[in-house]
$ cat coords27.csv   # CSV, C-alpha atoms
chain,number,residue,atom,x,y,z
A,13,MET,CA,-36.1,28.9,35.4
A,14,TYR,CA,-33.7,28.1,38.3
A,15,ASP,CA,-30.2,29.5,38.1
A,16,SER,CA,-31.0,31.6,35.0
A,17,ASP,CA,-28.4,34.1,36.0
A,18,LYS,CA,-25.8,31.4,35.4
A,19,ILE,CA,-27.4,29.6,32.5
A,20,ILE,CA,-28.0,32.5,30.2
A,21,PRO,CA,-24.5,34.0,30.4
A,22,GLY,CA,-23.2,30.5,30.0
A,23,LEU,CA,-25.2,30.0,26.9
A,24,ILE,CA,-24.0,33.3,25.5
A,25,ILE,CA,-20.4,32.4,26.1
A,26,PHE,CA,-21.0,29.0,24.5
A,27,VAL,CA,-22.6,30.4,21.4
A,28,LEU,CA,-19.8,33.0,21.0
A,29,PHE,CA,-17.2,30.3,21.5
A,30,ILE,CA,-18.8,28.0,18.9
A,31,THR,CA,-19.1,30.7,16.3
A,32,PHE,CA,-15.6,32.0,16.9
A,33,PRO,CA,-14.2,31.0,13.5
A,34,VAL,CA,-17.1,32.8,11.7
A,35,TRP,CA,-16.8,36.2,13.4
A,36,TYR,CA,-13.0,36.1,13.8
A,37,ASN,CA,-12.4,35.6,10.1
A,38,HIS,CA,-15.3,37.8,9.0
A,39,GLY,CA,-14.3,40.1,6.1
A,40,ASP,CA,-11.0,38.4,5.9
A,41,ALA,CA,-11.7,36.2,2.8
A,42,SER,CA,-8.6,36.3,0.6
A,43,ALA,CA,-8.9,37.4,-3.0
A,44,GLU,CA,-9.6,34.9,-5.7
A,45,PRO,CA,-6.2,33.6,-7.0
A,46,LYS,CA,-5.1,35.0,-10.3
A,47,PRO,CA,-2.5,32.7,-11.8
A,48,GLU,CA,-0.3,34.3,-14.4
A,49,LEU,CA,-1.1,32.9,-17.8
A,50,PRO,CA,1.4,32.6,-20.6
A,51,LYS,CA,1.3,35.6,-22.9
A,52,GLY,CA,0.2,35.3,-26.5
A,53,VAL,CA,-1.1,31.7,-26.1
A,54,LYS,CA,-4.8,31.3,-25.9
A,55,GLU,CA,-5.0,27.5,-26.1
A,56,CYS,CA,-4.1,24.7,-23.7
A,57,VAL,CA,-4.2,20.9,-23.9
A,58,LEU,CA,-7.9,21.0,-22.9
A,59,PRO,CA,-10.4,23.8,-22.6
A,60,VAL,CA,-9.8,26.1,-19.6
A,61,ALA,CA,-12.7,24.7,-17.5
A,62,ASP,CA,-11.5,21.1,-18.0
A,63,MET,CA,-7.9,22.0,-17.3
A,64,ARG,CA,-9.0,23.8,-14.0
A,65,ALA,CA,-11.0,20.8,-12.8
A,66,GLU,CA,-9.0,17.9,-14.2
A,67,HIS,CA,-5.4,18.7,-14.7
A,68,MET,CA,-4.3,16.3,-12.0
A,69,GLN,CA,-6.2,13.4,-13.5
A,70,LEU,CA,-4.7,14.3,-16.9
A,71,LEU,CA,-1.2,14.3,-15.5
A,72,ASN,CA,-1.8,10.9,-13.9
A,73,LYS,CA,-3.2,9.6,-17.2
A,74,TRP,CA,-0.2,10.9,-19.1
A,75,ARG,CA,2.2,9.4,-16.6
A,76,ASP,CA,0.7,5.9,-17.0
A,77,GLU,CA,0.5,6.1,-20.8
A,78,VAL,CA,4.1,7.2,-21.1
A,79,LEU,CA,5.7,5.0,-18.5
A,80,ARG,CA,3.6,1.9,-18.7
A,81,ASP,CA,2.4,1.8,-22.4
A,82,GLY,CA,5.6,3.4,-23.7
A,83,ASP,CA,3.8,6.3,-25.5
A,84,TRP,CA,6.7,8.8,-25.8
A,85,ALA,CA,5.4,10.2,-29.0
A,86,PHE,CA,5.0,13.9,-29.6
A,87,ASP,CA,1.3,13.8,-30.2
A,88,VAL,CA,-0.1,16.5,-27.8
A,89,LYS,CA,-1.1,19.4,-30.0
A,90,VAL,CA,-1.3,22.8,-28.6
A,91,ALA,CA,-1.8,25.8,-31.0
A,92,GLY,CA,-0.3,23.9,-33.9
A,93,LYS,CA,2.9,22.8,-31.9
A,94,LYS,CA,3.5,19.2,-30.9
A,95,TYR,CA,4.5,18.2,-27.5
A,96,GLN,CA,5.3,15.0,-25.5
A,97,LYS,CA,3.1,14.0,-22.6
A,98,SER,CA,5.2,15.6,-19.9
A,99,LEU,CA,4.8,17.9,-16.9
A,100,MET,CA,8.4,19.1,-16.9
A,101,ASN,CA,9.0,19.3,-20.6
A,102,THR,CA,5.5,20.3,-21.9
A,103,CYS,CA,3.4,22.1,-19.3
A,104,MET,CA,6.3,24.1,-17.9
A,105,GLU,CA,7.3,25.1,-21.4
A,106,CYS,CA,4.5,27.6,-21.5
A,107,HIS,CA,3.7,28.0,-17.8
A,108,LYS,CA,7.2,29.2,-17.0
A,109,SER,CA,6.7,30.0,-13.3
A,110,ARG,CA,5.8,27.5,-10.6
A,111,LYS,CA,5.3,30.4,-8.1
A,112,LYS,CA,3.2,32.6,-10.3
A,113,PHE,CA,1.1,29.8,-11.9
A,114,CYS,CA,0.9,26.5,-10.0
A,115,GLU,CA,1.2,27.8,-6.5
A,116,LYS,CA,-1.3,30.6,-6.8
A,117,CYS,CA,-4.2,28.2,-6.8
A,118,HIS,CA,-2.6,25.4,-4.8
A,119,LYS,CA,-2.0,27.8,-1.9
A,120,TYR,CA,-5.5,29.2,-2.1
A,121,ALA,CA,-7.0,25.7,-2.1
A,122,SER,CA,-4.5,24.6,0.5
A,123,VAL,CA,-3.2,21.6,-1.4
A,124,THR,CA,0.4,20.5,-1.5
A,125,PRO,CA,1.1,18.2,-4.4
A,126,TYR,CA,4.5,16.4,-4.3
A,127,CYS,CA,5.4,17.0,-8.0
A,128,TRP,CA,8.5,19.1,-7.2
A,129,ASP,CA,10.0,16.6,-4.8
A,130,CYS,CA,11.4,14.9,-7.9
A,131,HIS,CA,10.5,17.0,-11.0
A,132,PHE,CA,12.2,20.3,-11.7
A,133,ALA,CA,10.3,23.5,-12.0
A,134,PRO,CA,11.8,26.1,-14.4
A,135,VAL,CA,14.5,28.2,-13.0
A,136,GLU,CA,13.2,31.6,-11.9
B,22,MET,CA,-40.5,-47.9,6.1
B,23,ASP,CA,-38.1,-50.7,6.0
B,24,LYS,CA,-34.7,-49.7,4.6
B,25,LYS,CA,-32.0,-52.3,4.0
B,26,ARG,CA,-28.4,-51.6,4.5
B,27,ARG,CA,-27.6,-52.8,1.0
B,28,ASP,CA,-30.1,-50.2,-0.5
B,29,PHE,CA,-28.7,-47.4,1.6
B,30,LEU,CA,-25.1,-48.1,0.5
B,31,LYS,CA,-26.2,-48.2,-3.2
B,32,ILE,CA,-27.9,-44.8,-3.0
B,33,ALA,CA,-25.0,-43.3,-1.1
B,34,GLY,CA,-22.5,-44.6,-3.6
B,35,ILE,CA,-24.4,-43.2,-6.6
B,36,SER,CA,-24.9,-39.8,-5.1
B,37,THR,CA,-21.2,-39.5,-4.2
B,38,LEU,CA,-20.3,-40.3,-7.8
B,39,ALA,CA,-22.8,-37.8,-9.1
B,40,GLY,CA,-21.5,-35.1,-6.7
B,41,LEU,CA,-17.9,-35.6,-7.8
B,42,GLY,CA,-18.4,-36.0,-11.5
B,43,GLY,CA,-21.3,-33.8,-12.2
B,44,PRO,CA,-19.7,-30.3,-12.0
B,45,ALA,CA,-16.8,-31.4,-14.2
B,46,VAL,CA,-19.2,-32.6,-16.9
B,47,VAL,CA,-21.3,-29.4,-16.6
B,48,ASP,CA,-18.1,-27.2,-16.9
B,49,ARG,CA,-17.0,-29.0,-20.0
B,50,LEU,CA,-20.4,-28.7,-21.6
B,51,VAL,CA,-20.5,-24.9,-20.8
B,52,ASN,CA,-17.0,-24.0,-21.9
B,53,GLY,CA,-16.7,-26.4,-24.8
B,54,THR,CA,-13.1,-27.1,-24.0
B,55,SER,CA,-11.3,-29.6,-21.9
B,56,PRO,CA,-9.3,-28.3,-19.0
B,57,VAL,CA,-6.1,-29.7,-20.6
B,58,GLY,CA,-6.7,-27.5,-23.7
B,59,ALA,CA,-7.2,-24.4,-21.6
B,60,ASN,CA,-3.8,-24.9,-19.9
B,61,ALA,CA,-2.1,-25.3,-23.2
B,62,ALA,CA,-3.6,-22.0,-24.5
B,63,ARG,CA,-2.4,-20.1,-21.5
B,64,GLU,CA,1.1,-21.3,-22.0
B,65,TYR,CA,1.4,-19.4,-25.2
B,66,ASP,CA,-0.2,-16.2,-24.0
B,67,PRO,CA,2.3,-13.4,-24.5
B,68,ASP,CA,0.6,-11.2,-21.8
B,69,ALA,CA,1.3,-13.7,-19.0
B,70,GLN,CA,4.7,-12.2,-18.3
B,71,GLY,CA,7.3,-14.7,-17.7
B,72,GLU,CA,5.2,-16.8,-15.4
B,73,THR,CA,4.4,-19.4,-18.1
B,74,HIS,CA,8.0,-20.2,-19.1
B,75,LYS,CA,8.3,-23.9,-19.5
B,76,ALA,CA,11.0,-25.5,-17.5
B,77,GLY,CA,12.7,-26.6,-20.7
B,78,ALA,CA,13.2,-23.0,-22.1
B,79,GLY,CA,16.8,-22.3,-22.6
B,80,GLU,CA,18.7,-20.5,-19.9
B,81,HIS,CA,20.3,-18.2,-22.5
B,82,GLY,CA,17.4,-15.8,-22.5
B,83,GLU,CA,15.0,-17.5,-24.7
B,84,ALA,CA,11.6,-15.7,-24.7
B,85,ALA,CA,8.3,-17.6,-24.6
B,86,GLU,CA,7.0,-18.5,-28.0
B,87,GLY,CA,4.2,-15.9,-28.1
B,88,ALA,CA,6.5,-13.1,-27.1
B,89,LYS,CA,8.5,-13.2,-30.3
B,90,THR,CA,6.1,-10.9,-32.2
B,91,ARG,CA,7.0,-7.8,-30.1
B,92,LYS,CA,10.2,-5.9,-29.4
B,93,ARG,CA,12.6,-6.9,-26.7
B,94,TRP,CA,15.4,-4.4,-26.3
B,95,GLY,CA,18.8,-5.8,-25.3
B,96,ILE,CA,22.4,-4.8,-25.0
B,97,VAL,CA,25.6,-6.7,-25.8
B,98,ILE,CA,28.7,-5.5,-23.8
B,99,ASP,CA,32.0,-6.3,-25.4
B,100,LEU,CA,34.5,-6.5,-22.6
B,101,ARG,CA,37.4,-6.8,-25.0
B,102,LYS,CA,36.8,-3.2,-26.2
B,103,PHE,CA,36.6,-2.0,-22.6
B,104,ARG,CA,40.0,-3.6,-21.9
B,105,GLU,CA,41.4,-1.8,-24.9
B,106,ASP,CA,40.2,1.6,-23.7
B,107,PRO,CA,40.0,1.7,-19.9
B,108,GLU,CA,38.4,5.1,-19.9
B,109,LEU,CA,35.4,4.0,-21.9
B,110,ALA,CA,33.6,2.5,-19.0
B,111,GLU,CA,34.1,5.7,-16.9
B,112,LYS,CA,32.6,7.7,-19.8
B,113,ALA,CA,29.5,5.5,-20.0
B,114,ILE,CA,29.0,5.7,-16.3
B,115,LYS,CA,29.4,9.5,-16.3
B,116,VAL,CA,27.0,10.1,-19.1
B,117,CYS,CA,24.4,7.9,-17.5
B,118,ASN,CA,24.7,9.6,-14.1
B,119,TYR,CA,24.4,13.0,-15.7
B,120,ASN,CA,21.4,12.0,-17.9
B,121,HIS,CA,19.4,10.6,-15.0
B,122,ASN,CA,20.6,12.8,-12.1
B,123,VAL,CA,22.0,9.8,-10.3
B,124,PRO,CA,23.3,11.1,-6.9
B,125,HIS,CA,26.8,10.5,-5.6
B,126,PHE,CA,27.3,9.7,-1.9
B,127,THR,CA,30.7,8.9,-0.5
B,128,ASN,CA,29.2,6.6,2.2
B,129,LYS,CA,29.0,3.2,0.6
B,130,ARG,CA,25.8,2.4,2.4
B,131,HIS,CA,24.0,5.3,0.7
B,132,GLU,CA,25.3,4.6,-2.7
B,133,VAL,CA,22.9,4.8,-5.7
B,134,LYS,CA,24.0,2.8,-8.8
B,135,TRP,CA,22.6,2.6,-12.3
B,136,ILE,CA,25.6,1.4,-14.2
B,137,TRP,CA,28.9,0.6,-12.5
B,138,LEU,CA,32.1,-1.5,-12.6
B,139,THR,CA,32.6,-4.7,-10.6
B,140,GLU,CA,35.1,-7.5,-10.6
B,141,PHE,CA,34.7,-10.4,-12.9
B,142,GLU,CA,34.2,-12.8,-10.1
B,143,ASN,CA,31.4,-10.8,-8.6
B,144,ALA,CA,29.6,-10.3,-11.9
B,145,PHE,CA,29.9,-13.9,-13.0
B,146,PRO,CA,30.1,-16.1,-9.8
B,147,GLU,CA,28.8,-19.1,-11.8
B,148,HIS,CA,31.6,-18.8,-14.3
B,149,SER,CA,34.4,-19.6,-11.8
B,150,GLN,CA,37.2,-21.9,-12.6
B,151,TYR,CA,40.3,-23.0,-10.8
B,152,HIS,CA,43.2,-20.7,-11.7
B,153,LYS,CA,41.8,-18.0,-13.9
B,154,ASP,CA,43.8,-16.3,-16.5
B,155,THR,CA,45.2,-12.9,-15.5
B,156,LYS,CA,43.3,-11.1,-18.3
B,157,THR,CA,39.9,-12.3,-16.9
B,158,LEU,CA,41.0,-11.6,-13.3
B,159,GLU,CA,41.9,-8.1,-14.1
B,160,THR,CA,38.8,-7.3,-16.1
B,161,GLU,CA,36.4,-5.0,-14.5
B,162,VAL,CA,32.9,-5.7,-15.8
B,163,LEU,CA,30.4,-2.9,-16.6
B,164,VAL,CA,27.1,-4.0,-15.0
B,165,LEU,CA,23.6,-2.6,-15.1
B,166,CYS,CA,20.1,-3.8,-14.8
B,167,ASN,CA,19.6,-6.9,-16.9
B,168,HIS,CA,16.0,-6.0,-17.9
B,169,CYS,CA,15.2,-9.7,-17.5
B,170,ASP,CA,12.6,-11.4,-19.5
B,171,SER,CA,11.3,-13.0,-16.3
B,172,PRO,CA,12.1,-10.2,-13.8
B,173,PRO,CA,11.9,-11.4,-10.2
B,174,CYS,CA,11.7,-7.8,-9.0
B,175,VAL,CA,8.4,-7.3,-10.9
B,176,ARG,CA,6.9,-10.4,-9.2
B,177,ALA,CA,8.1,-9.2,-5.8
B,178,CYS,CA,6.7,-5.6,-6.1
B,179,PRO,CA,3.5,-5.3,-4.1
B,180,THR,CA,2.3,-2.1,-5.7
B,181,LYS,CA,3.2,-2.7,-9.3
B,182,ALA,CA,5.6,0.2,-9.1
B,183,THR,CA,8.1,-1.8,-11.1
B,184,PHE,CA,6.8,-3.4,-14.2
B,185,LYS,CA,7.8,-4.9,-17.5
B,186,SER,CA,6.9,-2.7,-20.5
B,187,PRO,CA,5.7,-4.2,-23.8
B,188,ASP,CA,9.2,-3.6,-25.3
B,189,GLY,CA,10.9,-5.6,-22.7
B,190,ILE,CA,12.3,-2.8,-20.5
B,191,VAL,CA,11.8,-3.3,-16.8
B,192,GLY,CA,10.6,0.2,-15.7
B,193,MET,CA,9.9,2.0,-12.5
B,194,ASP,CA,7.0,4.3,-11.6
B,195,TYR,CA,8.5,6.2,-8.6
B,196,HIS,CA,5.1,7.6,-7.8
B,197,ARG,CA,3.9,4.2,-6.8
B,198,CYS,CA,7.0,3.0,-5.0
B,199,ILE,CA,6.5,2.6,-1.2
B,200,GLY,CA,10.1,1.8,-0.5
B,201,CYS,CA,9.5,-1.7,0.8
B,202,ARG,CA,12.7,-2.9,-0.9
B,203,PHE,CA,11.2,-6.4,-1.8
B,204,CYS,CA,12.5,-5.8,-5.3
B,205,MET,CA,16.1,-5.3,-4.0
B,206,ALA,CA,15.9,-8.6,-2.2
B,207,ALA,CA,14.5,-10.3,-5.3
B,208,CYS,CA,17.0,-9.0,-7.7
B,209,PRO,CA,19.9,-11.4,-8.0
B,210,TYR,CA,22.2,-8.8,-9.6
B,211,GLY,CA,22.1,-6.0,-7.0
B,212,SER,CA,20.9,-3.7,-9.7
B,213,ARG,CA,18.6,-1.7,-7.4
B,214,SER,CA,19.5,1.0,-5.0
B,215,PHE,CA,17.5,2.5,-2.2
B,216,ASN,CA,17.4,6.2,-1.6
B,217,TRP,CA,18.3,6.4,2.1
B,218,ARG,CA,18.9,10.1,1.8
B,219,ASP,CA,17.4,12.9,-0.3
B,220,PRO,CA,19.0,12.3,-3.7
B,221,ARG,CA,19.2,16.0,-4.3
B,222,ALA,CA,21.7,16.2,-1.4
B,223,GLY,CA,24.1,14.1,-3.5
B,224,LEU,CA,23.8,16.1,-6.6
B,225,ASP,CA,25.5,19.3,-7.7
B,226,MET,CA,22.3,21.2,-8.4
B,227,LYS,CA,24.1,23.5,-10.8
B,228,LYS,CA,25.1,20.6,-13.0
B,229,ILE,CA,21.9,18.6,-13.3
B,230,ASN,CA,19.9,17.5,-16.3
B,231,ARG,CA,16.7,19.6,-16.0
B,232,LYS,CA,14.9,17.4,-18.6
B,233,PHE,CA,14.9,14.4,-16.3
B,234,PRO,CA,13.5,14.3,-12.7
B,235,THR,CA,15.4,13.2,-9.6
B,236,ARG,CA,13.9,10.7,-7.2
B,237,MET,CA,12.9,11.3,-3.6
B,238,ARG,CA,14.0,9.8,-0.3
B,239,GLY,CA,12.5,6.4,0.3
B,240,VAL,CA,12.1,5.0,-3.2
B,241,VAL,CA,14.1,2.3,-5.0
B,242,GLU,CA,15.8,3.3,-8.3
B,243,LYS,CA,17.7,1.5,-11.1
B,244,CYS,CA,18.7,1.7,-14.7
B,245,ASN,CA,15.8,2.3,-17.0
B,246,MET,CA,17.6,1.4,-20.2
B,247,CYS,CA,17.2,5.1,-21.1
B,248,VAL,CA,13.5,4.5,-21.8
B,249,GLU,CA,13.1,8.3,-22.3
B,250,ARG,CA,15.6,8.1,-25.2
B,251,VAL,CA,14.6,4.8,-26.6
B,252,GLY,CA,11.0,6.0,-26.7
B,253,ILE,CA,11.9,8.7,-29.2
B,254,GLY,CA,14.1,6.5,-31.3
B,255,LEU,CA,17.5,7.2,-29.8
B,256,GLN,CA,20.0,4.7,-28.3
B,257,PRO,CA,20.7,4.5,-24.6
B,258,ALA,CA,23.2,7.1,-23.5
B,259,CYS,CA,25.8,4.6,-22.4
B,260,VAL,CA,25.6,2.8,-25.8
B,261,GLU,CA,25.8,6.1,-27.7
B,262,VAL,CA,28.9,7.2,-25.9
B,263,CYS,CA,30.6,4.0,-26.9
B,264,SER,CA,29.3,4.0,-30.4
B,265,GLU,CA,32.7,4.7,-32.0
B,266,SER,CA,34.3,1.6,-30.6
B,267,LYS,CA,31.1,-0.6,-30.7
B,268,ALA,CA,31.8,-1.7,-27.2
B,269,MET,CA,28.1,-1.8,-26.5
B,270,ILE,CA,25.5,-2.8,-29.0
B,271,PHE,CA,21.8,-2.0,-28.5
B,272,GLY,CA,18.9,-3.5,-30.4
B,273,ASP,CA,15.8,-5.7,-30.7
B,274,LEU,CA,16.5,-9.2,-29.5
B,275,ASN,CA,13.4,-10.4,-31.2
B,276,ASP,CA,14.3,-9.1,-34.7
B,277,PRO,CA,16.5,-11.7,-36.4
B,278,ASN,CA,17.9,-9.1,-38.7
B,279,SER,CA,19.0,-6.6,-36.1
B,280,GLU,CA,22.7,-5.8,-35.5
B,281,ILE,CA,22.5,-7.2,-32.0
B,282,ARG,CA,21.3,-10.5,-33.3
B,283,GLN,CA,24.1,-10.7,-35.8
B,284,VAL,CA,26.6,-10.0,-33.0
B,285,LEU,CA,25.0,-12.7,-30.8
B,286,LYS,CA,25.2,-15.1,-33.7
B,287,ASN,CA,28.9,-14.5,-34.4
B,288,ASN,CA,30.2,-14.3,-30.9
B,289,PHE,CA,30.2,-16.5,-27.8
B,290,THR,CA,28.4,-14.5,-25.1
B,291,ILE,CA,27.7,-15.1,-21.5
B,292,GLN,CA,25.0,-13.8,-19.2
B,293,ARG,CA,25.0,-13.1,-15.5
B,294,LYS,CA,23.7,-15.9,-13.3
B,295,PRO,CA,21.8,-17.8,-15.9
B,296,SER,CA,20.8,-20.5,-13.4
B,297,MET,CA,18.5,-18.0,-11.8
B,298,GLY,CA,16.1,-18.4,-14.7
B,299,THR,CA,15.6,-14.6,-15.1
B,300,HIS,CA,16.5,-14.6,-18.8
B,301,PRO,CA,18.6,-11.4,-18.8
B,302,SER,CA,18.6,-9.1,-21.9
B,303,VAL,CA,22.2,-8.0,-21.3
B,304,PHE,CA,24.9,-10.2,-22.8
B,305,TYR,CA,28.7,-10.2,-22.4
B,306,ILE,CA,31.5,-11.0,-24.8
B,307,VAL,CA,34.6,-11.9,-22.6
$ encode --input "coords27.csv" --output "structure tokens"
Amino acid sequence: MYDSDKIIPGLIIFVLFITFPVWYNHGDASAEPKPELPKGVKECVLPVADMRAEHMQLLNKWRDEVLRDGDWAFDVKVAGKKYQKSLMNTCMECHKSRKKFCEKCHKYASVTPYCWDCHFAPVE
Amino acid sequence: MDKKRRDFLKIAGISTLAGLGGPAVVDRLVNGTSPVGANAAREYDPDAQGETHKAGAGEHGEAAEGAKTRKRWGIVIDLRKFREDPELAEKAIKVCNYNHNVPHFTNKRHEVKWIWLTEFENAFPEHSQYHKDTKTLETEVLVLCNHCDSPPCVRACPTKATFKSPDGIVGMDYHRCIGCRFCMAACPYGSRSFNWRDPRAGLDMKKINRKFPTRMRGVVEKCNMCVERVGIGLQPACVEVCSESKAMIFGDLNDPNSEIRQVLKNNFTIQRKPSMGTHPSVFYIV
């Protein structure tokens, strides 16, 4: 091979450069988020797995049903108690902390929903 | 082959007729109705919001025939009572602003208004006459969104952020609003305000209603006829605060036995800019 003394170091530098994110962040994976759950309550609107995967769709569905179809009734049942379809007045009733619940996972997943631009999180 | 001009014209004429008339005949056979009948059916469809109002419908807020089976919330404002107690209007405005976290900005260009006082002449430009009586001239009129039966703002909105609910309230979904302000241009009553600034900057964050959200910069907002209260069987906040004097009466305009219909029956009422054909749900006793 011609110029192998230049090509081989060049290739090594190239490979190192390309794999930079892999070895730079190695062993640096942040711990799995542990959102603080409400004490004493074992039940939510949907089973845990569904809530984890689909709470955003549920909130959108609630919003449309309440605002557009006028369904303001207290017909969401959680652990025997009845609630309205509301983020501020229902979800945050049990999940009292935005920082310790919502943002734990949102930060980990690097998502920034705009809920709190208008809605109020509970006072902490 | 020898073709005569006469034969050619005959064939051309017949095929033109077949081409024009054929599809119409086929359509009628397939649908089983005549096109005239189809139009008439659409005219009485309650779901076709406002678009199907006949030109002959009264300017005094008559709903289309089919719409009478559902609710249509409305308000009667008795300006005589507001003249008697000048503080009443202020009370109504205050309670609304608190309930809905309506921001207050001193710069008039940033103002956000849900319910406010305006001069008679501005509220009712069509009701002008030469040499008004002093009583009318001095009356300040409490104005708010008219929750029209044919809301022009809803027609103008490109994202369906503003819409007419089944109970007649013209609502807003601020999640969908892109801030184009077409609705503001369409509304003949100036009932809509644009959030030029972050509304939270115009609120005392210690004295807010934490049960109701604020809005964000870049959306249009307006009176929602307290849909969050009406939805759970309460009266709008402004009506409730005036309940002692009965200066404002809230009720179902489609229910002939409701209190509001009795008031409308027994008093001469006017509406704002009736010639716009918007069919407002807010009535005034002067």
$ atom_distance --input "coords27.csv" --atom1 "CA of Val60 in chain A" --atom2 "CA of Glu136 in chain A"
24.9 Å
$ residues_near_point --input "coords27.csv" --point "(13.6, 0.0, -19.6)" --cutoff "9 Å" --atoms "all atoms listed in the file" --output "VMD selection string"
chain B and resid 94 166 168 185 to 186 188 to 193 244 to 249 251
$ write_last_selection --input "coords27.csv" --atoms "C-alpha atoms" --output "mmCIF file, in the frame of the given file"
data_model
loop_
_atom_site.group_PDB
_atom_site.id
_atom_site.type_symbol
_atom_site.label_atom_id
_atom_site.label_comp_id
_atom_site.auth_asym_id
_atom_site.auth_seq_id
_atom_site.Cartn_x
_atom_site.Cartn_y
_atom_site.Cartn_z
ATOM 1 C CA TRP B 94 15.400 -4.400 -26.300
ATOM 2 C CA CYS B 166 20.100 -3.800 -14.800
ATOM 3 C CA HIS B 168 16.000 -6.000 -17.900
ATOM 4 C CA LYS B 185 7.800 -4.900 -17.500
ATOM 5 C CA SER B 186 6.900 -2.700 -20.500
ATOM 6 C CA ASP B 188 9.200 -3.600 -25.300
ATOM 7 C CA GLY B 189 10.900 -5.600 -22.700
ATOM 8 C CA ILE B 190 12.300 -2.800 -20.500
ATOM 9 C CA VAL B 191 11.800 -3.300 -16.800
ATOM 10 C CA GLY B 192 10.600 0.200 -15.700
ATOM 11 C CA MET B 193 9.900 2.000 -12.500
ATOM 12 C CA CYS B 244 18.700 1.700 -14.700
ATOM 13 C CA ASN B 245 15.800 2.300 -17.000
ATOM 14 C CA MET B 246 17.600 1.400 -20.200
ATOM 15 C CA CYS B 247 17.200 5.100 -21.100
ATOM 16 C CA VAL B 248 13.500 4.500 -21.800
ATOM 17 C CA GLU B 249 13.100 8.300 -22.300
ATOM 18 C CA VAL B 251 14.600 4.800 -26.600
#
$ closest_residue --input "coords27.csv" --among "A:Met104, A:Gln96, A:Phe113, A:Tyr120" --to "Phe132 in chain A" --atoms "all atoms listed in the file"
A:Met104
$ atom_distance --input "coords27.csv" --atom1 "CA of Tyr95 in chain A" --atom2 "CA of Lys119 in chain A"
28.1 Å
$ closest_residue --input "coords27.csv" --among "B:Gly252, B:Asp276, B:Ile199, B:Phe304" --to "Asn288 in chain B" --atoms "only C-alpha atoms"
B:Phe304
$ interface_residues --input "coords27.csv" --of "chain A" --to "chain B" --cutoff "6 Å" --atoms "only C-alpha atoms" --output "ChimeraX atom specification"
/A:80,84,130-131
$ closest_residue --input "coords27.csv" --among "B:Thr155, B:Arg93, B:Arg26, B:Ser296" --to "Pro277 in chain B" --atoms "all atoms listed in the file"
B:Arg93
$ atom_distance --input "coords27.csv" --atom1 "CA of Val78 in chain A" --atom2 "CA of Met269 in chain B"
26.2 Å
$ closest_residue --input "coords27.csv" --among "A:Ala85, A:Cys103, A:Ala91, A:Ala43" --to "Leu70 in chain A" --atoms "only C-alpha atoms"
A:Cys103
$ residues_around --input "coords27.csv" --residues "Lys112 in chain A" --least-positions-apart "6" --cutoff "9 Å" --atoms "only C-alpha atoms" --output "list in words"
Lys46, Pro47, Glu48 and Leu49 of chain A
$ closest_residue --input "coords27.csv" --among "B:Arg293, B:Lys227, B:Lys112, B:Lys286" --to "Cys263 in chain B" --atoms "all atoms listed in the file"
B:Lys112
$ closest_residue --input "coords27.csv" --among "B:Lys153, B:Leu138, B:Pro209, B:Val46" --to "Pro301 in chain B" --atoms "all atoms listed in the file"
B:Pro209
$ residues_around --input "coords27.csv" --residues "Val240 in chain B" --least-positions-apart "2" --cutoff "6 Å" --atoms "all atoms listed in the file" --output "NGL selection string"
:B and (198 or 200 or 216 or 238)
$ write_last_selection --input "coords27.csv" --atoms "C-alpha atoms" --output "mmCIF file, in the coordinates of the input"
data_model
loop_
_atom_site.group_PDB
_atom_site.id
_atom_site.type_symbol
_atom_site.label_atom_id
_atom_site.label_comp_id
_atom_site.auth_asym_id
_atom_site.auth_seq_id
_atom_site.Cartn_x
_atom_site.Cartn_y
_atom_site.Cartn_z
ATOM 1 C CA CYS B 198 7.000 3.000 -5.000
ATOM 2 C CA GLY B 200 10.100 1.800 -0.500
ATOM 3 C CA ASN B 216 17.400 6.200 -1.600
ATOM 4 C CA ARG B 238 14.000 9.800 -0.300
#
$ residues_around --input "coords27.csv" --residues "Ala144 in chain B" --least-positions-apart "5" --cutoff "8 Å" --atoms "all atoms listed in the file" --output "list in words"
Thr139, Val162, Val164, Tyr210 and Arg293 of chain B
$ residues_around --input "coords27.csv" --residues "Leu71 in chain A" --least-positions-apart "3" --cutoff "9 Å" --atoms "all atoms listed in the file" --output "list in words"
Glu66, His67, Met68, Trp74, Arg75, Asp76, Lys97, Ser98 and Leu99 of chain A
$ build_atoms --input "coords27.csv" --residues "range 204-208 of chain B" --atoms "N, CA and C atoms" --output "PDB file, in the coordinates of the input"
ATOM      1  N   CYS B 204      11.904  -5.648  -4.011  1.00  0.00           N
ATOM      2  CA  CYS B 204      12.500  -5.800  -5.300  1.00  0.00           C
ATOM      3  C   CYS B 204      14.039  -5.963  -5.177  1.00  0.00           C
ATOM      4  N   MET B 205      14.615  -5.222  -4.216  1.00  0.00           N
ATOM      5  CA  MET B 205      16.100  -5.300  -4.000  1.00  0.00           C
ATOM      6  C   MET B 205      16.439  -6.679  -3.513  1.00  0.00           C
ATOM      7  N   ALA B 206      15.588  -7.245  -2.650  1.00  0.00           N
ATOM      8  CA  ALA B 206      15.900  -8.600  -2.200  1.00  0.00           C
ATOM      9  C   ALA B 206      15.682  -9.608  -3.269  1.00  0.00           C
ATOM     10  N   ALA B 207      14.760  -9.329  -4.195  1.00  0.00           N
ATOM     11  CA  ALA B 207      14.500 -10.300  -5.300  1.00  0.00           C
ATOM     12  C   ALA B 207      15.495 -10.256  -6.366  1.00  0.00           C
ATOM     13  N   CYS B 208      16.104  -9.096  -6.617  1.00  0.00           N
ATOM     14  CA  CYS B 208      17.000  -9.000  -7.700  1.00  0.00           C
ATOM     15  C   CYS B 208      18.335  -9.712  -7.453  1.00  0.00           C
TER      16      CYS B 208
END
